[in-house]
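*Asks:* One structure is given below, represented as structure tokens, and several questions about it will come after.
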Amino acid sequence: MTAPAHARTSADLIRAEEPVLAHNYHPLPVVVARAEGAWVEDVEGRRYLDMLAGYSALNFGHRHPALIQAAHDQLDRLTLTSRAFHNDRLAEFAERLAALTGLDMVLPMNTGAEAVESGIKVARKWAYDVKGVPDGQATIVVAADNFHGRTTTIVSFSTDETARAGFGPFTPGFRIVPYNDLAALEEAVDETTAAVLIEPIQGEAGVVIPDAGYLTGVRELTRRKGCLFVADEIQSGLGRTGRTLAVEHESVVPDVLLLGKALGGGIVPVSAVVARREVMGVLGPGEHGSTFGGNPLAAAVGTAVVELLETGEFQRRADELGLVLREGLQALEGHGVTGFRARGLWAGVDVDPALGTGREISERLMREGILVKDTHGSTIRLAPPLTVTADELRSALGTLEKVLGQAG
């Protein structure tokens, strides 16, 4: 007989997953059962400092009281109507999210990949209806080493063979150029281009930050060439980099903004496409939709997330604590760390390959009570909740120093 979950050990639960779960992830061998703030606890009661925050889905920490309260209150009233009817929470969510981002209209969806797919559809429709691109000929320019999700269309313009191999035939209509290369972008954009779709900071690639002026250049180029600038801020947005949006570091406003992850507060999946009115206005009834997109529970939690960001507190915390993170990583350069890239509370850390792969370093940190995740090779990423304290950050960096010293 299968033992009840509460009586099963971490090892039992990991073994139990093997025959019944698809093997599309390779998680660290920790089984989380409880969480609060920046800390999680496994089924045996061991505590870990969460330095990943659900790939930025938990920007406000685990179980933030304001977000939990919003969810509880809404659960007692209404959870789903579908978009066949209006609900009393959606208007406020859209109004406040549009105001927060400086754009006009919101298309609510659920997951980040759905937001990207929806943004692609909006851009193509705009190209045909407004720009006058011949039907079926619209192109979208993207950057190499991007990560926008893993749907069939999205992996069609990925350069990661792990994400692509075995999933063709691929969707046409995309041109890939090197990231952070305005000259290559200029050459790729032509009269068929609907949009340039980029991450202001490439997360999965290792928190790759473009040169100063790159985002400004993308904005200027897209205006001059008559196409849209679509910014994927699903990981970089909503406070992570010390600003509400990463594009704000260059005072850039895109035509279309893709949001997700933190928008659901770590409670429910919430994503959105936010755009200028003349862009989003191309959609008509029946041309796009989602049964769960904009559901009352999601709208209630999303509104509470926006309310937290409206104060500016979390953006300030990420900016100030980012200095602590950067200072600690600078001290580790030459001592097991060969380089790093950081903005706000987000960093990609390159470890000396002689000390281990990113996976091996992540496992060693896990055994010391720190949870991080590798990206590629010997790179790990750090993205703690924005509620983390300076002392907790320093402790985590001290543990990283210890682990690297032991590996050496």
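Ligands are numbered from 1 in the order shown, residues from 1 within each chain, and chains are lettered A, B, ... in the order they appear in the structure tokens.
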Taking only segment 301-388 of chain A into account, list the residues labelled helix (DSSP H, G or I) by DSSP (computed from the backbone), as a VMD selection string.

*Replies:* chain A and resid 301 to 310 313 to 332 353 to 355 358 to 367

*Asks:* Restricting the output to N, CA and C atoms, write the selected residues as a short mmCIF file (atom, residue, chain, number, x, y, z; two decimals), in the first residue's frame.

*Replies:*
data_model
loop_
_atom_site.label_atom_id
_atom_site.label_comp_id
_atom_site.auth_asym_id
_atom_site.auth_seq_id
_atom_site.Cartn_x
_atom_site.Cartn_y
_atom_site.Cartn_z
N VAL A 301 -5.27 38.17 -7.13
CA VAL A 301 -3.86 38.04 -6.73
C VAL A 301 -2.99 39.00 -7.54
N GLY A 302 -3.24 39.09 -8.85
CA GLY A 302 -2.47 39.99 -9.69
C GLY A 302 -2.61 41.44 -9.26
N THR A 303 -3.81 41.83 -8.86
CA THR A 303 -4.02 43.20 -8.37
C THR A 303 -3.22 43.44 -7.10
N ALA A 304 -3.20 42.44 -6.21
CA ALA A 304 -2.43 42.57 -4.97
C ALA A 304 -0.94 42.68 -5.27
N VAL A 305 -0.45 41.95 -6.28
CA VAL A 305 0.94 42.07 -6.70
C VAL A 305 1.24 43.49 -7.19
N VAL A 306 0.37 44.01 -8.05
CA VAL A 306 0.56 45.37 -8.56
C VAL A 306 0.56 46.37 -7.41
N GLU A 307 -0.32 46.15 -6.44
CA GLU A 307 -0.39 47.06 -5.29
C GLU A 307 0.94 47.07 -4.53
N LEU A 308 1.57 45.91 -4.37
CA LEU A 308 2.88 45.86 -3.71
C LEU A 308 3.92 46.66 -4.49
N LEU A 309 3.87 46.54 -5.80
CA LEU A 309 4.85 47.23 -6.64
C LEU A 309 4.59 48.73 -6.73
N GLU A 310 3.35 49.13 -6.58
CA GLU A 310 3.03 50.56 -6.66
C GLU A 310 3.72 51.37 -5.58
N GLU A 313 8.57 49.84 -2.86
CA GLU A 313 9.40 49.24 -1.80
C GLU A 313 10.27 48.09 -2.35
N PHE A 314 9.67 47.23 -3.13
CA PHE A 314 10.41 46.05 -3.58
C PHE A 314 11.46 46.40 -4.62
N GLN A 315 11.16 47.40 -5.44
CA GLN A 315 12.17 47.86 -6.39
C GLN A 315 13.38 48.44 -5.64
N ARG A 316 13.10 49.21 -4.59
CA ARG A 316 14.19 49.79 -3.79
C ARG A 316 15.00 48.69 -3.10
N ARG A 317 14.31 47.70 -2.56
CA ARG A 317 15.01 46.60 -1.89
C ARG A 317 15.94 45.88 -2.86
N ALA A 318 15.43 45.58 -4.05
CA ALA A 318 16.25 44.88 -5.04
C ALA A 318 17.46 45.72 -5.43
N ASP A 319 17.27 47.01 -5.54
CA ASP A 319 18.37 47.91 -5.92
C ASP A 319 19.42 47.96 -4.81
N GLU A 320 18.98 48.15 -3.57
CA GLU A 320 19.90 48.27 -2.45
C GLU A 320 20.59 46.95 -2.11
N LEU A 321 19.80 45.87 -2.07
CA LEU A 321 20.39 44.57 -1.74
C LEU A 321 21.24 44.05 -2.90
N GLY A 322 20.95 44.54 -4.10
CA GLY A 322 21.79 44.17 -5.23
C GLY A 322 23.23 44.62 -5.03
N LEU A 323 23.43 45.72 -4.32
CA LEU A 323 24.79 46.17 -4.02
C LEU A 323 25.49 45.18 -3.10
N VAL A 324 24.75 44.63 -2.14
CA VAL A 324 25.31 43.62 -1.24
C VAL A 324 25.69 42.37 -2.03
N LEU A 325 24.81 41.96 -2.93
CA LEU A 325 25.07 40.79 -3.76
C LEU A 325 26.30 41.00 -4.63
N ARG A 326 26.37 42.14 -5.28
CA ARG A 326 27.50 42.43 -6.16
C ARG A 326 28.81 42.49 -5.37
N GLU A 327 28.78 43.13 -4.21
CA GLU A 327 29.98 43.25 -3.38
C GLU A 327 30.49 41.88 -2.97
N GLY A 328 29.56 41.00 -2.58
CA GLY A 328 29.95 39.65 -2.17
C GLY A 328 30.53 38.84 -3.32
N LEU A 329 29.96 39.00 -4.51
CA LEU A 329 30.46 38.25 -5.66
C LEU A 329 31.82 38.79 -6.13
N GLN A 330 32.00 40.10 -6.03
CA GLN A 330 33.29 40.68 -6.39
C GLN A 330 34.40 40.11 -5.51
N ALA A 331 34.08 39.89 -4.23
CA ALA A 331 35.07 39.34 -3.30
C ALA A 331 35.44 37.91 -3.63
N LEU A 332 34.56 37.22 -4.35
CA LEU A 332 34.81 35.81 -4.70
C LEU A 332 35.52 35.66 -6.04
N PRO A 353 35.49 25.95 -13.90
CA PRO A 353 35.10 24.58 -14.26
C PRO A 353 35.91 23.50 -13.54
N ALA A 354 37.12 23.84 -13.11
CA ALA A 354 37.94 22.86 -12.39
C ALA A 354 37.32 22.49 -11.05
N LEU A 355 36.42 23.34 -10.55
CA LEU A 355 35.79 23.09 -9.25
C LEU A 355 34.48 22.32 -9.37
N GLY A 358 27.98 23.48 -12.89
CA GLY A 358 26.97 24.25 -12.17
C GLY A 358 26.06 23.34 -11.36
N ARG A 359 25.73 22.19 -11.92
CA ARG A 359 24.89 21.22 -11.20
C ARG A 359 25.59 20.73 -9.94
N GLU A 360 26.86 20.41 -10.04
CA GLU A 360 27.58 19.91 -8.86
C GLU A 360 27.69 20.98 -7.78
N ILE A 361 27.95 22.21 -8.18
CA ILE A 361 28.02 23.30 -7.19
C ILE A 361 26.66 23.51 -6.54
N SER A 362 25.57 23.42 -7.33
CA SER A 362 24.22 23.57 -6.79
C SER A 362 23.91 22.48 -5.77
N GLU A 363 24.36 21.25 -6.05
CA GLU A 363 24.10 20.15 -5.11
C GLU A 363 24.90 20.34 -3.82
N ARG A 364 26.13 20.83 -3.94
CA ARG A 364 26.94 21.08 -2.73
C ARG A 364 26.33 22.19 -1.89
N LEU A 365 25.82 23.23 -2.54
CA LEU A 365 25.15 24.31 -1.81
C LEU A 365 23.89 23.80 -1.13
N MET A 366 23.14 22.94 -1.82
CA MET A 366 21.92 22.37 -1.24
C MET A 366 22.25 21.63 0.07
N ARG A 367 23.33 20.88 0.05
CA ARG A 367 23.70 20.14 1.27
C ARG A 367 24.09 21.08 2.40
#

*Asks:* Once you count only C-alpha atoms, what closest atom pair and distance in Å to one decimal does each residue of segment 254-354 of chain A within 12 Å of segment 203-221 of chain A have, with rows by chain and rising residue number, as CSV?

*Replies:*
residue,atom,partner,partner_atom,distance
A:Pro254,CA,A:Arg219,CA,7.0
A:Asp255,CA,A:Arg219,CA,9.0
A:Val256,CA,A:Arg219,CA,11.5
A:Gly339,CA,A:Gly206,CA,11.2
A:Phe340,CA,A:Val207,CA,8.7
A:Arg341,CA,A:Val207,CA,6.3
A:Ala342,CA,A:Val207,CA,7.1
A:Arg343,CA,A:Ile209,CA,8.0
A:Gly344,CA,A:Val207,CA,11.2
A:Leu345,CA,A:Val207,CA,11.0
A:Trp346,CA,A:Val207,CA,7.3
A:Ala347,CA,A:Val207,CA,6.0
A:Gly348,CA,A:Val207,CA,4.9
A:Val349,CA,A:Gly206,CA,7.7
A:Asp350,CA,A:Gly206,CA,8.6
A:Val351,CA,A:Gly206,CA,11.8

*Asks:* For the selection you just gave me, I'd like the residues written to a file as a PDB file, in the first residue's frame, keeping N, CA and C atoms.

*Replies:*
ATOM      1  N   PRO A 254       8.591  49.833 -24.395  1.00  0.00           N
ATOM      2  CA  PRO A 254       8.326  49.016 -25.581  1.00  0.00           C
ATOM      3  C   PRO A 254       6.897  49.208 -26.069  1.00  0.00           C
ATOM      4  N   ASP A 255       6.606  48.688 -27.248  1.00  0.00           N
ATOM      5  CA  ASP A 255       5.230  48.702 -27.753  1.00  0.00           C
ATOM      6  C   ASP A 255       4.394  47.616 -27.106  1.00  0.00           C
ATOM      7  N   VAL A 256       5.054  46.493 -26.828  1.00  0.00           N
ATOM      8  CA  VAL A 256       4.391  45.323 -26.252  1.00  0.00           C
ATOM      9  C   VAL A 256       5.276  44.775 -25.145  1.00  0.00           C
ATOM     10  N   GLY A 339      33.835  34.965 -13.014  1.00  0.00           N
ATOM     11  CA  GLY A 339      33.137  36.154 -13.483  1.00  0.00           C
ATOM     12  C   GLY A 339      31.677  36.090 -13.081  1.00  0.00           C
ATOM     13  N   PHE A 340      31.009  37.214 -13.158  1.00  0.00           N
ATOM     14  CA  PHE A 340      29.579  37.234 -12.862  1.00  0.00           C
ATOM     15  C   PHE A 340      28.945  38.431 -13.549  1.00  0.00           C
ATOM     16  N   ARG A 341      27.618  38.341 -13.696  1.00  0.00           N
ATOM     17  CA  ARG A 341      26.810  39.437 -14.229  1.00  0.00           C
ATOM     18  C   ARG A 341      25.644  39.627 -13.271  1.00  0.00           C
ATOM     19  N   ALA A 342      25.412  40.851 -12.832  1.00  0.00           N
ATOM     20  CA  ALA A 342      24.361  41.077 -11.840  1.00  0.00           C
ATOM     21  C   ALA A 342      23.633  42.380 -12.106  1.00  0.00           C
ATOM     22  N   ARG A 343      22.338  42.356 -11.874  1.00  0.00           N
ATOM     23  CA  ARG A 343      21.531  43.573 -11.893  1.00  0.00           C
ATOM     24  C   ARG A 343      20.408  43.389 -10.886  1.00  0.00           C
ATOM     25  N   GLY A 344      20.351  44.301  -9.917  1.00  0.00           N
ATOM     26  CA  GLY A 344      19.391  44.120  -8.838  1.00  0.00           C
ATOM     27  C   GLY A 344      19.691  42.833  -8.104  1.00  0.00           C
ATOM     28  N   LEU A 345      18.645  42.116  -7.724  1.00  0.00           N
ATOM     29  CA  LEU A 345      18.828  40.839  -7.024  1.00  0.00           C
ATOM     30  C   LEU A 345      18.789  39.682  -8.014  1.00  0.00           C
ATOM     31  N   TRP A 346      19.654  39.730  -8.983  1.00  0.00           N
ATOM     32  CA  TRP A 346      19.703  38.712 -10.034  1.00  0.00           C
ATOM     33  C   TRP A 346      21.129  38.618 -10.527  1.00  0.00           C
ATOM     34  N   ALA A 347      21.687  37.419 -10.494  1.00  0.00           N
ATOM     35  CA  ALA A 347      23.079  37.269 -10.922  1.00  0.00           C
ATOM     36  C   ALA A 347      23.308  35.920 -11.576  1.00  0.00           C
ATOM     37  N   GLY A 348      24.133  35.926 -12.605  1.00  0.00           N
ATOM     38  CA  GLY A 348      24.684  34.705 -13.179  1.00  0.00           C
ATOM     39  C   GLY A 348      26.129  34.625 -12.749  1.00  0.00           C
ATOM     40  N   VAL A 349      26.526  33.520 -12.143  1.00  0.00           N
ATOM     41  CA  VAL A 349      27.850  33.387 -11.546  1.00  0.00           C
ATOM     42  C   VAL A 349      28.605  32.264 -12.252  1.00  0.00           C
ATOM     43  N   ASP A 350      29.735  32.588 -12.840  1.00  0.00           N
ATOM     44  CA  ASP A 350      30.561  31.610 -13.534  1.00  0.00           C
ATOM     45  C   ASP A 350      31.589  31.051 -12.559  1.00  0.00           C
ATOM     46  N   VAL A 351      31.492  29.757 -12.319  1.00  0.00           N
ATOM     47  CA  VAL A 351      32.404  29.077 -11.404  1.00  0.00           C
ATOM     48  C   VAL A 351      33.535  28.446 -12.213  1.00  0.00           C
TER      49      VAL A 351
END

*Asks:* Report as a list in words all protein, DNA and RNA residues lying within 7 Å of segment 8-15 of chain A, evaluated on only C-alpha atoms, omitting residues in the same chain fewer than 5 positions from it.

*Replies:* Ala3, Val30, Val31, Val43 and Glu44 of chain A

*Asks:* Store the residues picked out above, limited to N, CA and C atoms, as a PDB file, in the first residue's frame.

*Replies:*
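Final file, again29.pdb:
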ATOM      1  N   ALA A   3       2.168   4.654   1.079  1.00  0.00           N
ATOM      2  CA  ALA A   3       2.124   5.386   2.345  1.00  0.00           C
ATOM      3  C   ALA A   3       1.592   6.784   2.117  1.00  0.00           C
ATOM      4  N   VAL A  30      15.816  17.647  -3.392  1.00  0.00           N
ATOM      5  CA  VAL A  30      15.230  18.202  -2.169  1.00  0.00           C
ATOM      6  C   VAL A  30      13.724  18.207  -2.364  1.00  0.00           C
ATOM      7  N   VAL A  31      12.973  17.810  -1.333  1.00  0.00           N
ATOM      8  CA  VAL A  31      11.513  17.723  -1.424  1.00  0.00           C
ATOM      9  C   VAL A  31      10.919  18.748  -0.460  1.00  0.00           C
ATOM     10  N   VAL A  43      10.589  17.657   3.867  1.00  0.00           N
ATOM     11  CA  VAL A  43       9.676  16.802   4.634  1.00  0.00           C
ATOM     12  C   VAL A  43      10.292  16.321   5.936  1.00  0.00           C
ATOM     13  N   GLU A  44      11.625  16.336   6.013  1.00  0.00           N
ATOM     14  CA  GLU A  44      12.285  15.959   7.276  1.00  0.00           C
ATOM     15  C   GLU A  44      12.483  17.141   8.211  1.00  0.00           C
TER      16      GLU A  44
END

*Asks:* Record the distance separating atom CA of Ala38 of chain A and atom CA of Pro385 of chain A, expressed in Å with one decimal.

*Replies:* 5.9 Å

*Asks:* Skip Glu191 of chain A itself and residues of its chain fewer than 4 positions away, then list as a PyMOL selection string all residues within 12 Å of it, counting only C-alpha atoms.

*Replies:* chain A and resi 127-128+131-134+137-140+186-187+195+222+224-227

*Asks:* Please identify the strand (DSSP E) residues within segment 152-350 of chain A (assignment by DSSP from backbone atoms) and present them as a ChimeraX atom specification.

*Replies:* /A:174-177,193-198,228-232,256-259,271-275,337-342,347-350

*Asks:* Please, could you write that set of residues out with N, CA, C and O atoms as a compact mmCIF listing (two decimals), in the first residue's frame?

*Replies:*
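This went into again_20.txt:
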# COMPACT_ATOMS: atom_id res chain seq x y z
N PHE A 174 10.63 33.39 -38.33
CA PHE A 174 11.52 33.99 -37.35
C PHE A 174 12.93 34.13 -37.91
O PHE A 174 13.41 33.27 -38.65
N ARG A 175 13.61 35.21 -37.54
CA ARG A 175 15.00 35.43 -37.92
C ARG A 175 15.80 35.61 -36.63
O ARG A 175 15.42 36.40 -35.77
N ILE A 176 16.89 34.88 -36.52
CA ILE A 176 17.70 34.90 -35.30
C ILE A 176 18.98 35.68 -35.56
O ILE A 176 19.70 35.43 -36.53
N VAL A 177 19.25 36.65 -34.68
CA VAL A 177 20.48 37.44 -34.76
C VAL A 177 21.21 37.35 -33.43
O VAL A 177 20.61 37.00 -32.41
N THR A 193 9.04 42.75 -41.38
CA THR A 193 9.23 42.55 -39.94
C THR A 193 8.06 43.13 -39.14
O THR A 193 7.79 44.33 -39.20
N ALA A 194 7.41 42.26 -38.40
CA ALA A 194 6.33 42.68 -37.51
C ALA A 194 6.90 43.22 -36.21
O ALA A 194 6.41 44.21 -35.67
N ALA A 195 7.94 42.54 -35.69
CA ALA A 195 8.43 42.90 -34.36
C ALA A 195 9.84 42.39 -34.14
O ALA A 195 10.29 41.43 -34.78
N VAL A 196 10.51 43.03 -33.20
CA VAL A 196 11.74 42.53 -32.61
C VAL A 196 11.37 42.07 -31.20
O VAL A 196 10.87 42.86 -30.39
N LEU A 197 11.59 40.80 -30.92
CA LEU A 197 11.24 40.20 -29.63
C LEU A 197 12.51 39.84 -28.90
O LEU A 197 13.28 38.98 -29.34
N ILE A 198 12.77 40.50 -27.77
CA ILE A 198 13.97 40.21 -27.00
C ILE A 198 13.69 40.25 -25.51
O ILE A 198 12.73 40.86 -25.05
N LEU A 228 7.42 46.68 -34.32
CA LEU A 228 7.16 46.73 -32.89
C LEU A 228 8.37 46.26 -32.09
O LEU A 228 9.11 45.38 -32.51
N PHE A 229 8.53 46.82 -30.91
CA PHE A 229 9.51 46.35 -29.93
C PHE A 229 8.72 45.58 -28.87
O PHE A 229 7.93 46.16 -28.13
N VAL A 230 8.94 44.26 -28.83
CA VAL A 230 8.28 43.40 -27.85
C VAL A 230 9.31 42.99 -26.81
O VAL A 230 10.31 42.32 -27.15
N ALA A 231 9.11 43.38 -25.56
CA ALA A 231 10.05 43.07 -24.49
C ALA A 231 9.50 41.95 -23.62
O ALA A 231 8.41 42.08 -23.04
N ASP A 232 10.24 40.85 -23.55
CA ASP A 232 9.86 39.73 -22.69
C ASP A 232 10.46 39.97 -21.31
O ASP A 232 11.65 39.74 -21.08
N VAL A 256 5.05 46.49 -26.83
CA VAL A 256 4.39 45.32 -26.25
C VAL A 256 5.28 44.77 -25.14
O VAL A 256 6.49 44.64 -25.32
N LEU A 257 4.66 44.46 -24.02
CA LEU A 257 5.36 43.97 -22.85
C LEU A 257 4.77 42.61 -22.47
O LEU A 257 3.55 42.46 -22.40
N LEU A 258 5.64 41.64 -22.22
CA LEU A 258 5.20 40.31 -21.81
C LEU A 258 5.57 40.09 -20.35
O LEU A 258 6.73 40.25 -19.96
N LEU A 259 4.57 39.76 -19.54
CA LEU A 259 4.76 39.56 -18.10
C LEU A 259 4.22 38.21 -17.68
O LEU A 259 3.32 37.66 -18.30
N SER A 271 -0.27 35.59 -16.28
CA SER A 271 0.59 36.28 -17.23
C SER A 271 -0.23 37.31 -17.98
O SER A 271 -1.46 37.33 -17.87
N ALA A 272 0.46 38.15 -18.73
CA ALA A 272 -0.27 39.20 -19.45
C ALA A 272 0.58 39.74 -20.58
O ALA A 272 1.81 39.78 -20.50
N VAL A 273 -0.10 40.12 -21.64
CA VAL A 273 0.48 40.96 -22.69
C VAL A 273 -0.07 42.35 -22.44
O VAL A 273 -1.28 42.54 -22.32
N VAL A 274 0.82 43.32 -22.33
CA VAL A 274 0.41 44.71 -22.12
C VAL A 274 0.95 45.52 -23.29
O VAL A 274 2.12 45.38 -23.66
N ALA A 275 0.11 46.34 -23.90
CA ALA A 275 0.54 46.98 -25.15
C ALA A 275 -0.12 48.34 -25.34
O ALA A 275 -1.08 48.70 -24.65
N VAL A 337 35.32 31.94 -8.40
CA VAL A 337 34.41 32.60 -9.33
C VAL A 337 35.24 33.29 -10.41
O VAL A 337 36.12 34.10 -10.11
N THR A 338 34.98 32.91 -11.66
CA THR A 338 35.75 33.49 -12.77
C THR A 338 35.09 34.74 -13.34
O THR A 338 35.74 35.49 -14.08
N GLY A 339 33.84 34.97 -13.01
CA GLY A 339 33.14 36.15 -13.48
C GLY A 339 31.68 36.09 -13.08
O GLY A 339 31.17 35.03 -12.69
N PHE A 340 31.01 37.21 -13.16
CA PHE A 340 29.58 37.23 -12.86
C PHE A 340 28.95 38.43 -13.55
O PHE A 340 29.61 39.38 -13.94
N ARG A 341 27.62 38.34 -13.70
CA ARG A 341 26.81 39.44 -14.23
C ARG A 341 25.64 39.63 -13.27
O ARG A 341 24.96 38.65 -12.95
N ALA A 342 25.41 40.85 -12.83
CA ALA A 342 24.36 41.08 -11.84
C ALA A 342 23.63 42.38 -12.11
O ALA A 342 24.25 43.37 -12.53
N ALA A 347 21.69 37.42 -10.49
CA ALA A 347 23.08 37.27 -10.92
C ALA A 347 23.31 35.92 -11.58
O ALA A 347 22.74 34.90 -11.16
N GLY A 348 24.13 35.93 -12.61
CA GLY A 348 24.68 34.71 -13.18
C GLY A 348 26.13 34.62 -12.75
O GLY A 348 26.89 35.58 -12.95
N VAL A 349 26.53 33.52 -12.14
CA VAL A 349 27.85 33.39 -11.55
C VAL A 349 28.61 32.26 -12.25
O VAL A 349 28.15 31.11 -12.25
N ASP A 350 29.74 32.59 -12.84
CA ASP A 350 30.56 31.61 -13.53
C ASP A 350 31.59 31.05 -12.56
O ASP A 350 32.45 31.78 -12.05

*Asks:* Which of these residues is nearest to Asn146 of chain A, using only C-alpha atoms: A:Ala184, A:Ile380, A:Val122, A:Ile201?

*Replies:* A:Ile201

*Asks:* Please measure the separation of atom CA of Val282 of chain A and atom CA of Ala94 of chain A, giving the value in Å to one decimal.

*Replies:*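 These two atoms are separated by 17.6 Å.
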
*Asks:* Nearest to Thr389 of chain A among A:Leu49, A:Leu263, A:Met280, A:Ala300, with distances taken over only C-alpha atoms: which residue is it?

*Replies:*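 The answer is A:Leu49, which sits nearest to Thr389 of chain A.
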
*Asks:* Between A:Gln74, A:Thr111, A:Gln69, A:Asn180, which has the minimum distance to Thr151 of chain A (counting only C-alpha atoms)?

*Replies:*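 Looking at the shortest contact to Thr151 of chain A, the residue is A:Thr111.
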
*Asks:* A:Leu283, A:Ser395, A:Thr375, A:Ala390: which is nearest Lys125 of chain A, counting only C-alpha atoms?

*Replies:*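 Residue with the minimum atom-to-atom distance to Lys125 of chain A: A:Leu283.
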
*Asks:* Give the answer as one residue: which of A:Arg276, A:Arg381, A:Lys373, A:His335 has the shortest atom-to-atom distance to Leu404 of chain A, using only C-alpha atoms?

*Replies:* A:His335

*Asks:* Could you check how far atom CA of Arg77 of chain A sits from atom CA of Arg89 of chain A, in Å to one decimal?

*Replies:*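 Separation between atom CA of Arg77 of chain A and atom CA of Arg89 of chain A: 10.9 Å.
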
*Asks:* Contacts of Arg63 of chain A at 8 Å or less, counting only C-alpha atoms, minus same-chain residues fewer than 5 places along, as JSON, numbers by chain?

*Replies:* {"A": [35, 36, 37, 68, 266, 267]}
